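Text of the file run.cif, holding mmCIF, C-alpha atoms:
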```cif
data_upload
loop_
_atom_site.label_atom_id
_atom_site.label_comp_id
_atom_site.auth_asym_id
_atom_site.auth_seq_id
_atom_site.Cartn_x
_atom_site.Cartn_y
_atom_site.Cartn_z
CA MET A 11 79.22 78.48 76.64
CA GLN A 12 81.26 81.52 77.66
CA HIS A 13 81.84 84.25 75.11
CA ARG A 14 85.60 84.60 74.67
CA ILE A 15 86.96 88.15 74.57
CA VAL A 16 90.68 88.55 73.92
CA VAL A 17 92.31 91.96 74.42
CA LEU A 18 95.73 92.40 72.82
CA GLY A 19 97.92 94.97 74.57
CA ALA A 20 97.69 96.37 78.10
CA GLY A 21 98.57 99.99 77.52
CA TYR A 22 96.13 102.74 78.49
CA ALA A 23 93.62 101.71 75.83
CA GLY A 24 93.81 97.92 76.15
CA ALA A 25 93.82 97.85 79.95
CA SER A 26 90.94 100.33 80.08
CA ALA A 27 88.90 98.24 77.63
CA ALA A 28 89.46 95.03 79.59
CA GLY A 29 88.55 96.64 82.91
CA ARG A 30 85.42 98.29 81.53
CA LEU A 31 84.24 95.03 79.94
CA ALA A 32 84.67 93.32 83.30
CA LYS A 33 82.27 95.90 84.77
CA ARG A 34 79.70 95.50 82.03
CA LEU A 35 79.39 91.73 81.61
CA ARG A 36 78.61 88.82 83.95
CA ARG A 37 81.66 86.73 84.71
CA GLU A 38 79.82 83.46 84.18
CA ASP A 39 78.97 84.56 80.62
CA VAL A 40 82.34 85.78 79.37
CA ARG A 41 86.01 84.89 79.56
CA ILE A 42 88.19 87.99 79.21
CA THR A 43 91.88 87.42 78.44
CA LEU A 44 94.31 90.35 78.45
CA VAL A 45 97.56 89.65 76.60
CA ASN A 46 100.65 91.81 77.14
CA ALA A 47 104.32 91.30 76.38
CA GLU A 48 105.42 92.71 79.76
CA PRO A 49 104.12 91.82 83.22
CA ASP A 50 103.80 95.47 84.27
CA PHE A 51 101.70 98.36 83.04
CA THR A 52 103.86 101.12 81.57
CA GLU A 53 102.98 104.77 82.13
CA ARG A 54 103.99 105.78 78.65
CA VAL A 55 103.26 109.45 79.22
CA ARG A 56 106.03 109.51 81.83
CA MET A 57 108.86 107.95 79.83
CA HIS A 58 110.68 111.28 79.62
CA GLN A 59 110.71 111.34 83.41
CA LEU A 60 112.09 107.80 83.60
CA ALA A 61 114.80 108.72 81.10
CA THR A 62 116.02 111.60 83.27
CA GLY A 63 116.51 109.51 86.40
CA GLN A 64 113.12 109.64 88.07
CA ASP A 65 111.73 106.37 89.42
CA LEU A 66 108.22 105.27 88.56
CA ALA A 67 106.10 102.92 90.68
CA ARG A 68 105.77 99.38 89.37
CA ARG A 69 102.23 98.42 88.42
CA PRO A 70 102.02 94.62 87.99
CA LEU A 71 99.12 93.74 85.72
CA ALA A 72 98.36 90.57 87.67
CA LYS A 73 97.84 92.63 90.82
CA MET A 74 95.84 95.32 89.01
CA PHE A 75 93.36 92.81 87.62
CA ALA A 76 93.26 90.41 90.56
CA GLY A 77 89.67 89.53 91.41
CA THR A 78 88.20 91.25 88.36
CA GLY A 79 87.61 88.19 86.23
CA VAL A 80 90.24 89.31 83.70
CA ASP A 81 92.89 86.68 83.00
CA VAL A 82 96.28 88.32 82.36
CA ARG A 83 98.58 86.42 79.98
CA VAL A 84 102.19 87.58 79.70
CA ALA A 85 102.96 86.76 76.08
CA ARG A 86 104.09 88.40 72.87
CA VAL A 87 101.58 88.46 70.02
CA THR A 88 103.14 87.05 66.86
CA ALA A 89 100.14 86.72 64.51
CA VAL A 90 96.42 87.33 64.20
CA ASP A 91 94.21 85.20 61.95
CA ALA A 92 91.11 87.37 61.64
CA ASP A 93 89.28 84.85 59.43
CA ARG A 94 89.89 81.88 61.72
CA LYS A 95 89.45 84.08 64.80
CA ALA A 96 92.70 83.02 66.44
CA VAL A 97 95.75 84.76 67.89
CA THR A 98 99.23 83.21 68.01
CA VAL A 99 101.41 84.21 70.96
CA ALA A 100 104.89 83.44 72.19
CA THR A 101 105.17 82.61 75.88
CA ALA A 102 108.02 81.54 78.13
CA GLU A 103 106.84 77.96 77.65
CA GLY A 104 106.64 78.25 73.86
CA PRO A 105 104.08 79.20 71.20
CA ASP A 106 100.37 79.09 71.97
CA GLU A 107 97.11 79.90 70.23
CA LEU A 108 94.12 81.75 71.64
CA SER A 109 90.73 81.53 69.97
CA TYR A 110 88.26 84.37 70.38
CA ASP A 111 84.69 85.33 69.71
CA THR A 112 85.46 89.05 70.08
CA LEU A 113 88.91 90.58 69.69
CA VAL A 114 90.02 93.97 71.00
CA TYR A 115 93.22 94.96 69.20
CA ALA A 116 95.23 97.46 71.26
CA LEU A 117 98.85 96.74 70.39
CA GLY A 118 99.57 100.44 70.12
CA SER A 119 102.59 102.02 68.50
CA HIS A 120 106.34 102.37 68.75
CA TRP A 121 108.87 104.96 67.65
CA ASN A 122 109.28 105.77 63.98
CA ASP A 123 112.75 106.62 62.68
CA GLN A 124 111.18 107.82 59.39
CA GLY A 125 113.83 105.83 57.53
CA THR A 126 116.46 108.42 58.42
CA PRO A 127 119.97 106.98 57.91
CA GLY A 128 121.64 106.21 61.22
CA ALA A 129 118.60 106.88 63.40
CA ALA A 130 117.93 103.24 64.25
CA GLN A 131 121.60 102.66 65.07
CA HIS A 132 122.48 105.81 66.96
CA ALA A 133 119.35 107.58 68.22
CA HIS A 134 117.52 106.95 71.48
CA GLU A 135 113.75 106.62 71.74
CA ILE A 136 111.35 107.00 74.65
CA ALA A 137 108.26 105.29 73.27
CA GLY A 138 108.64 102.50 75.82
CA ARG A 139 110.29 101.57 79.09
CA ALA A 140 113.28 99.77 77.56
CA GLY A 141 114.19 102.75 75.36
CA ALA A 142 113.75 105.21 78.21
CA LEU A 143 116.04 103.16 80.43
CA ARG A 144 118.73 103.05 77.73
CA LEU A 145 118.56 106.82 77.40
CA ARG A 146 118.66 107.14 81.19
CA GLU A 147 121.91 105.18 81.27
CA ARG A 148 123.40 107.27 78.47
CA LEU A 149 122.47 110.61 80.04
CA ALA A 150 123.90 109.52 83.38
CA ALA A 151 127.23 108.82 81.67
CA LEU A 152 127.50 112.29 80.10
CA GLY A 153 129.82 114.86 81.60
CA ALA A 154 129.14 118.57 82.01
CA GLY A 155 128.97 120.55 78.78
CA GLN A 156 128.29 117.59 76.49
CA PRO A 157 125.67 118.13 73.77
CA VAL A 158 122.25 116.47 73.64
CA VAL A 159 119.99 116.85 70.60
CA VAL A 160 116.26 116.16 70.71
CA VAL A 161 114.80 115.71 67.22
CA GLY A 162 111.10 116.49 66.90
CA GLY A 163 109.09 119.52 68.02
CA GLY A 164 105.83 117.77 68.88
CA LEU A 165 104.46 117.08 72.33
CA THR A 166 106.89 114.22 73.02
CA GLY A 167 109.88 116.26 71.90
CA LEU A 168 108.90 119.26 74.00
CA GLU A 169 108.41 117.17 77.12
CA ALA A 170 111.69 115.33 76.57
CA VAL A 171 113.84 118.38 75.87
CA THR A 172 112.56 120.37 78.85
CA GLU A 173 112.80 117.41 81.20
CA ILE A 174 116.42 116.80 80.17
CA ALA A 175 117.34 120.48 80.42
CA GLU A 176 115.80 120.78 83.87
CA ALA A 177 117.32 117.57 85.22
CA ARG A 178 120.75 118.24 83.71
CA PRO A 179 121.34 122.01 83.49
CA ASP A 180 125.02 121.25 82.96
CA LEU A 181 124.38 119.76 79.50
CA ASP A 182 124.18 121.66 76.20
CA VAL A 183 120.63 120.83 75.08
CA THR A 184 119.27 121.48 71.57
CA LEU A 185 115.83 120.98 70.01
CA VAL A 186 115.48 120.46 66.26
CA ALA A 187 111.95 121.06 64.91
CA ARG A 188 110.83 120.53 61.33
CA GLY A 189 108.31 123.36 61.57
CA ALA A 190 107.99 126.51 63.65
CA LEU A 191 108.22 126.05 67.41
CA GLY A 192 104.74 125.27 68.73
CA ASP A 193 103.12 126.22 65.43
CA TRP A 194 99.88 124.45 66.43
CA LEU A 195 99.51 126.44 69.67
CA SER A 196 97.73 129.70 70.39
CA ASP A 197 99.71 132.93 70.59
CA LYS A 198 99.72 132.69 74.38
CA GLY A 199 100.87 129.09 74.24
CA ARG A 200 103.72 129.85 71.84
CA ARG A 201 104.92 132.77 73.93
CA HIS A 202 104.98 130.70 77.08
CA LEU A 203 106.72 127.80 75.36
CA LYS A 204 109.45 130.06 74.02
CA ALA A 205 109.94 131.68 77.41
CA VAL A 206 110.33 128.31 79.14
CA LEU A 207 112.80 126.98 76.57
CA ASP A 208 114.79 130.21 76.74
CA GLY A 209 114.79 129.97 80.53
CA PHE A 210 116.28 126.49 80.34
CA GLY A 211 118.92 127.69 77.89
CA ILE A 212 117.73 125.31 75.17
CA THR A 213 118.96 126.06 71.65
CA VAL A 214 116.15 125.71 69.10
CA HIS A 215 116.56 125.06 65.37
CA GLN A 216 113.21 125.71 63.69
CA HIS A 217 112.21 124.72 60.15
CA THR A 218 115.02 122.18 60.23
CA ALA A 219 114.98 118.53 59.22
CA VAL A 220 117.58 115.94 60.22
CA SER A 221 118.85 113.88 57.29
CA VAL A 222 121.52 111.73 58.99
CA VAL A 223 122.20 110.59 62.54
CA GLY A 224 125.77 109.73 63.45
CA ALA A 225 127.31 108.31 66.59
CA ASP A 226 128.35 111.77 67.82
CA HIS A 227 126.41 114.21 65.63
CA VAL A 228 123.35 114.83 63.48
CA VAL A 229 123.33 116.34 60.01
CA THR A 230 120.52 118.67 58.98
CA ALA A 231 119.03 118.85 55.50
CA ASP A 232 121.18 121.84 54.60
CA GLY A 233 124.35 119.93 55.51
CA THR A 234 124.97 121.49 58.92
CA ALA A 235 126.50 119.10 61.44
CA LEU A 236 125.33 119.46 65.05
CA PRO A 237 127.43 117.68 67.70
CA SER A 238 125.45 115.22 69.82
CA ALA A 239 126.64 112.88 72.53
CA ALA A 240 123.04 111.63 72.87
CA THR A 241 120.39 112.03 70.18
CA VAL A 242 116.75 111.59 71.20
CA TRP A 243 114.34 110.81 68.34
CA THR A 244 110.70 111.93 68.81
CA THR A 245 109.45 112.56 65.27
CA GLY A 246 106.34 110.39 65.48
CA PHE A 247 105.09 106.86 65.94
CA SER A 248 104.26 103.86 63.79
CA VAL A 249 101.87 101.06 64.67
CA HIS A 250 102.66 97.42 65.31
CA PRO A 251 103.03 95.64 61.95
CA ILE A 252 100.86 92.64 62.81
CA ALA A 253 97.56 94.18 61.66
CA ARG A 254 98.95 94.82 58.18
CA ALA A 255 99.71 91.10 57.83
CA THR A 256 96.06 90.17 58.44
CA THR A 257 92.96 90.34 56.23
CA LEU A 258 91.65 93.26 58.29
CA GLU A 259 91.10 96.47 56.37
CA VAL A 260 93.94 98.81 57.30
CA THR A 261 95.31 102.13 56.13
CA GLY A 262 98.58 102.49 54.28
CA THR A 263 100.30 102.95 57.63
CA GLY A 264 98.80 99.78 59.09
CA ARG A 265 96.09 101.24 61.33
CA ILE A 266 92.84 99.27 61.48
CA VAL A 267 89.90 101.09 59.88
CA VAL A 268 86.97 101.24 62.32
CA ASP A 269 83.52 102.77 62.57
CA SER A 270 82.29 105.16 65.26
CA THR A 271 82.07 102.31 67.80
CA MET A 272 85.68 101.27 67.09
CA ARG A 273 84.48 98.15 65.25
CA SER A 274 86.48 96.94 62.26
CA VAL A 275 84.71 97.80 59.01
CA SER A 276 85.82 94.47 57.51
CA HIS A 277 85.54 92.07 60.48
CA PRO A 278 82.63 92.80 62.87
CA ASP A 279 84.08 90.59 65.62
CA VAL A 280 87.22 92.76 65.84
CA TYR A 281 87.52 96.13 67.57
CA ALA A 282 90.60 98.35 67.48
CA VAL A 283 91.38 101.00 70.08
CA GLY A 284 94.12 103.50 70.80
CA ASP A 285 96.94 104.15 68.36
CA ALA A 286 96.13 101.00 66.38
CA ALA A 287 92.76 102.36 65.24
CA TRP A 288 91.97 104.64 62.31
CA ALA A 289 88.86 106.39 63.58
CA MET A 290 87.27 109.58 62.38
CA GLY A 291 86.62 112.35 64.86
CA PRO A 292 84.87 115.73 64.64
CA GLY A 293 85.21 117.49 61.31
CA ASP A 294 85.89 114.14 59.59
CA LYS A 295 89.47 114.31 60.83
CA PRO A 296 91.20 111.11 61.93
CA LEU A 297 91.91 110.93 65.64
CA ARG A 298 95.61 111.39 66.33
CA MET A 299 97.71 108.91 68.24
CA SER A 300 97.42 110.10 71.83
CA CYS A 301 96.27 109.20 75.30
CA ALA A 302 93.59 111.87 74.86
CA SER A 303 91.81 109.77 72.24
CA GLY A 304 93.14 106.32 73.17
CA THR A 305 91.36 105.87 76.49
CA PRO A 306 87.99 107.27 75.30
CA SER A 307 88.19 104.96 72.28
CA ALA A 308 88.60 102.03 74.68
CA TRP A 309 85.51 103.11 76.62
CA GLN A 310 83.60 103.42 73.37
CA ALA A 311 84.58 99.94 72.21
CA ALA A 312 83.91 98.28 75.57
CA ASP A 313 80.46 99.82 75.86
CA ALA A 314 79.62 98.88 72.27
CA ILE A 315 80.74 95.28 72.78
CA ALA A 316 78.78 94.98 76.02
CA ALA A 317 75.66 96.49 74.46
CA ARG A 318 75.75 94.18 71.47
CA LEU A 319 76.36 91.07 73.56
CA THR A 320 73.57 91.90 76.01
CA GLY A 321 71.04 92.94 73.38
CA ARG A 322 70.93 96.58 74.42
CA LYS A 323 71.11 99.71 72.30
CA HIS A 324 74.54 101.33 72.32
CA LYS A 325 74.69 105.07 72.84
CA ASP A 326 77.20 106.34 70.30
CA VAL A 327 79.15 109.15 72.00
CA PRO A 328 81.28 111.12 69.51
CA LEU A 329 84.94 111.24 70.48
CA ARG A 330 86.35 114.73 70.75
CA TYR A 331 89.26 116.74 72.17
CA PHE A 332 89.25 119.25 75.01
CA ASN A 333 92.87 120.23 75.58
CA GLN A 334 96.49 119.34 74.96
CA CYS A 335 98.52 118.84 78.13
CA VAL A 336 102.27 119.43 77.97
CA SER A 337 104.67 119.11 80.89
CA LEU A 338 107.70 121.39 80.55
CA GLY A 339 109.84 119.95 83.30
CA ARG A 340 108.51 119.38 86.81
CA ARG A 341 107.59 122.98 87.61
CA GLU A 342 106.28 124.33 84.30
CA GLY A 343 103.47 123.26 82.02
CA LEU A 344 101.17 124.28 79.22
CA ILE A 345 97.50 123.34 78.87
CA GLN A 346 96.32 124.39 75.44
CA PHE A 347 92.55 124.33 75.15
CA VAL A 348 91.27 123.18 71.77
CA THR A 349 88.14 122.77 69.71
CA ALA A 350 86.44 119.39 69.36
CA ASP A 351 88.58 118.68 66.28
CA ASP A 352 91.83 119.60 68.06
CA ARG A 353 92.43 123.18 66.86
CA ALA A 354 93.90 125.61 69.37
CA VAL A 355 91.71 128.35 70.83
CA PRO A 356 93.15 131.53 72.41
CA ARG A 357 92.73 130.22 75.96
CA ALA A 358 95.68 128.43 77.56
CA LEU A 359 96.80 127.63 81.10
CA THR A 360 100.49 128.11 81.82
CA GLY A 361 103.10 127.94 84.55
CA ARG A 362 102.99 126.05 87.83
CA LEU A 363 99.21 125.62 87.74
CA ALA A 364 99.48 123.99 84.31
CA ALA A 365 102.17 121.63 85.63
CA LEU A 366 99.87 120.58 88.46
CA TYR A 367 96.99 120.12 86.00
CA LYS A 368 99.11 117.85 83.81
CA GLU A 369 100.25 115.86 86.84
CA LEU A 370 96.63 115.29 87.87
CA VAL A 371 95.81 114.11 84.34
CA CYS A 372 98.71 111.62 84.42
CA LYS A 373 97.79 110.36 87.88
CA GLY A 374 94.14 110.07 86.91
CA ALA A 375 94.94 108.05 83.80
CA ALA A 376 97.19 105.69 85.77
CA TRP A 377 94.62 105.37 88.58
CA GLY A 378 91.91 104.47 86.11
CA VAL A 379 94.04 101.67 84.67
CA ALA A 380 95.29 100.47 88.08
CA HIS A 381 91.69 100.27 89.36
CA PRO A 382 89.96 98.87 86.28
CA THR A 383 86.68 98.00 87.94
CA LEU A 384 86.36 100.99 90.26
CA GLY A 385 84.90 104.37 89.45
CA LEU A 386 82.02 102.95 87.40
CA PRO A 387 78.66 101.69 88.59
CA THR A 388 78.44 97.91 88.34
CA ARG A 389 76.07 97.02 85.52
CA ARG A 390 76.98 93.45 84.73
CA ARG A 391 74.33 92.11 82.40
CA PRO A 392 73.78 88.62 80.99
CA VAL A 393 75.03 87.86 77.51
CA THR A 394 72.11 87.20 75.17
CA GLU A 395 73.91 87.12 71.82
CA GLN A 396 75.33 83.64 71.25
CA GLN A 397 77.98 83.49 68.55
CA VAL A 398 79.34 80.34 66.94
CA PRO A 399 82.84 79.65 68.28
CA ALA A 400 85.71 79.92 65.83
CA SER A 401 86.46 76.19 66.16
CA ALA A 402 82.89 75.30 65.15
CA THR A 403 83.06 77.66 62.20
CA ALA A 404 86.28 76.04 61.06
CA ARG A 405 84.73 72.55 61.32
CA ALA A 406 81.69 73.62 59.34
CA ALA A 407 83.89 74.94 56.56
CA THR A 408 85.75 71.62 56.15
#
```

Please rewrite the model in this file as structure tokens.
Amino acid sequence: MQHRIVVLGAGYAGASAAGRLAKRLRREDVRITLVNAEPDFTERVRMHQLATGQDLARRPLAKMFAGTGVDVRVARVTAVDADRKAVTVATAEGPDELSYDTLVYALGSHWNDQGTPGAAQHAHEIAGRAGALRLRERLAALGAGQPVVVVGGGLTGLEAVTEIAEARPDLDVTLVARGALGDWLSDKGRRHLKAVLDGFGITVHQHTAVSVVGADHVVTADGTALPSAATVWTTGFSVHPIARATTLEVTGTGRIVVDSTMRSVSHPDVYAVGDAAWAMGPGDKPLRMSCASGTPSAWQAADAIAARLTGRKHKDVPLRYFNQCVSLGRREGLIQFVTADDRAVPRALTGRLAALYKELVCKGAAWGVAHPTLGLPTRRRPVTEQQVPASATARAAT
């Protein structure tokens, strides 16, 4: 009987996990199903480019995984029953249920309006392709001199505001940051960031929170109204709510609590990777939502699953950080080198070379997903651990 592995979500983490599992396990022993709501892989780290009018290559999942042994199902996950080991999905033909022996939960995250009045109604987000395309349409409709406000001074906000300012130098672009500009960067990184934003003519409001978003303005916490013909919201992400509705142990924000192999601490047949996982990194600090930790967490989970199914010892490789890569338009960038627990060190790469570095990182991440079974030695091993199927467990309990 084949061991059924279901992977939910085909972002960087989910697609990487499915591809790596296909390289580790014999096809006759496992059935790997990858479930995603859209038929194409989305390069999420490039959504700010899509929003400013740049075209991205389509990457159909069916083509990416053709011949790998991974079955791609285009469906929207509506529920997970972790005790019955079943997933409910909505397809074009109607609802369906998938049973699993091992589940890889990689549904990721979406934008978080932080409950700010008016944000959901009036702000644009770039956490996904649909939001980026809506912003693209709005920016294209703006005339010269109209104001654009980007709310959020993190990595997403910095990439969005510089991309917009570079693509549309005729617009009046403003960045609103709750803290100091680049306060997590090294001195060199902060200096370069300020110089680039100044060069683009971007107005920066530091130590400023937005309390209300209107159709044509935002209001800061001190009551100041800033005109905005297009407001871009980048203040953070929240995870898909499905995990919180299960019996899985989750955090208060709905992230699945996992051990060092990305295995659920409450349900050993469930693994969580990417933004959906609450995993501890170096210094007992939780890994942040990012591509930098998402893809390595997928590798960790896939290797752990393969090792356990084939009766081999899993080598636990601690997840750590090396750098933070920030594109600042198409010709400028910032590579901030960091400690294992993500604290900035004095060394940073800036300018055109940093932009090229970031582009190589983006291309490498996309290539790894688009070629899921290349780049690794083939080590397909037979499955030796036989688990009782969920249907048999359910029958035994009745």

One decimal, in Å: what's the spacing between atom CA of Thr257 of chain A and atom CA of Tyr281 of chain A?
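Going from atom CA of Thr257 of chain A over to atom CA of Tyr281 of chain A covers 13.8 Å.
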
Residue IDs satisfying the PyMOL selection byres ((chain A and resi 249) around 7), as a list of chain:residue names:
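Evaluating the PyMOL selection byres ((chain A and resi 249) around 7) on these coordinates yields A:Gly118, A:Ser119, A:His120, A:Phe247, A:Ser248, A:His250, A:Pro251, A:Gly264, A:Arg265, A:Asp285, A:Ala286.
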
Take atom CA of Val40 of chain A and atom CA of Val280 of chain A and report the distance between them in Å, one decimal.
16.0 Å

On this file, the PyMOL selection byres ((chain A and resi 52) around 7) gives some set of residues; write that set as an MDAnalysis selection string.
chainID A and resid 21 50:51 53:54 139

Report as a ChimeraX atom specification the residues that result from applying the PyMOL selection byres ((chain A and resi 311) around 12) to the structure here.
/A:17,23-24,26-31,34,112-116,268-274,278-284,287,289,304-310,312-318,324-329

Ref. answer, residues at most 12 Å from (124.9, 107.8, 75.9) with all atoms listed in the file, as number ranges by chain:
A: 61, 132-135, 141-153, 156-159, 225-226, 238-242

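Pairwise distance (atom CA of Gly63 of chain A, atom CA of Leu366 of chain A) equals 20.1 Å.
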
Nearest candidate to Arg83 of chain A (options A:Val223, A:Val16, A:Leu363, A:Ala231; using only C-alpha atoms):
A:Val16

Could you list, as a PyMOL selection string, every residue within 12 Å of Leu207 of chain A, counting all atoms listed in the file and ignoring same-chain residues fewer than 5 positions away?
chain A and resi 163+168-176+183-185+191-192+200-202+212-215+338-339+342-343

Name the closest residue to Ile15 of chain A among the candidates A:Lys73, A:Arg362, A:Arg178, A:Lys95; distances are taken between atoms, counting only C-alpha atoms.
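Among the listed residues, the smallest separation from Ile15 of chain A belongs to A:Lys95.
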
Quick one: everything within 9 Å of Ala302 of chain A, counting all atoms listed in the file, minus sequence neighbours fewer than 4 positions away in the same chain. Send it as a list in words.
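Near Ala302 of chain A, the qualifying residues are Arg298, Pro306, Arg330, Tyr331, Phe332, Asn333 and Gln334 of chain A.
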
Output for the residues just chosen: C-alpha atoms as a PDB file, keeping the file's coordinate frame:
```
ATOM      1  CA  ARG A 298      95.610 111.390  66.330  1.00  0.00           C
ATOM      2  CA  PRO A 306      87.990 107.270  75.300  1.00  0.00           C
ATOM      3  CA  ARG A 330      86.350 114.730  70.750  1.00  0.00           C
ATOM      4  CA  TYR A 331      89.260 116.740  72.170  1.00  0.00           C
ATOM      5  CA  PHE A 332      89.250 119.250  75.010  1.00  0.00           C
ATOM      6  CA  ASN A 333      92.870 120.230  75.580  1.00  0.00           C
ATOM      7  CA  GLN A 334      96.490 119.340  74.960  1.00  0.00           C
TER       8      GLN A 334
END
```

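Of the listed residues A:Thr394, A:Asn122, A:Gln131, A:Asn46, the one whose atoms come nearest to Thr101 of chain A is A:Asn46, with distances taken using all atoms listed in the file.
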
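Of the residues under consideration (A:Asp111, A:Asp352, A:Asp180, A:Asp93), A:Asp93 shows the shortest atom-to-atom contact distance to Leu258 of chain A when counting only C-alpha atoms.
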
Segment 149-216 of chain A residues near segment 344-348 of chain A within 8 Å, closest pair each, using all atoms listed in the file, as a Markdown table:
```
| residue | atom | partner | partner_atom | distance |
| --- | --- | --- | --- | --- |
| A:Leu195 | CA | A:Gln346 | CA | 6.9 |
| A:Ser196 | CA | A:Gln346 | CA | 7.5 |
| A:Gly199 | CA | A:Gln346 | CA | 6.7 |
| A:His202 | CA | A:Leu344 | CA | 7.8 |
| A:Leu203 | CA | A:Leu344 | CA | 7.6 |
```

Residues within 9 Å of Val87 of chain A, please, as a count of residues only. Count all atoms listed in the file; anything in the same chain fewer than 3 positions from it doesn't count.
12

Nearest to Val355 of chain A, chosen from A:Lys204, A:His227, A:Lys198, A:Arg341, with all atoms listed in the file counted in the distances
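Counting all atoms listed in the file, the residue closest to Val355 of chain A is A:Lys198.
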
Given only C-alpha atoms as the counted atoms, nearest of A:Gly162, A:Pro296, A:Gly262, A:Pro392 to His217 of chain A:
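Of A:Gly162, A:Pro296, A:Gly262, A:Pro392, the one nearest His217 of chain A, counting only C-alpha atoms, is A:Gly162.
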
Using all atoms listed in the file, determine which residues lie at most 8 Å from segment 374-376 of chain A, disregarding the query and same-chain residues fewer than 3 positions distant; provide the list as a list of chain:residue names.
A:Tyr22, A:Glu53, A:Leu370, A:Val371, A:Val379, A:Ala380
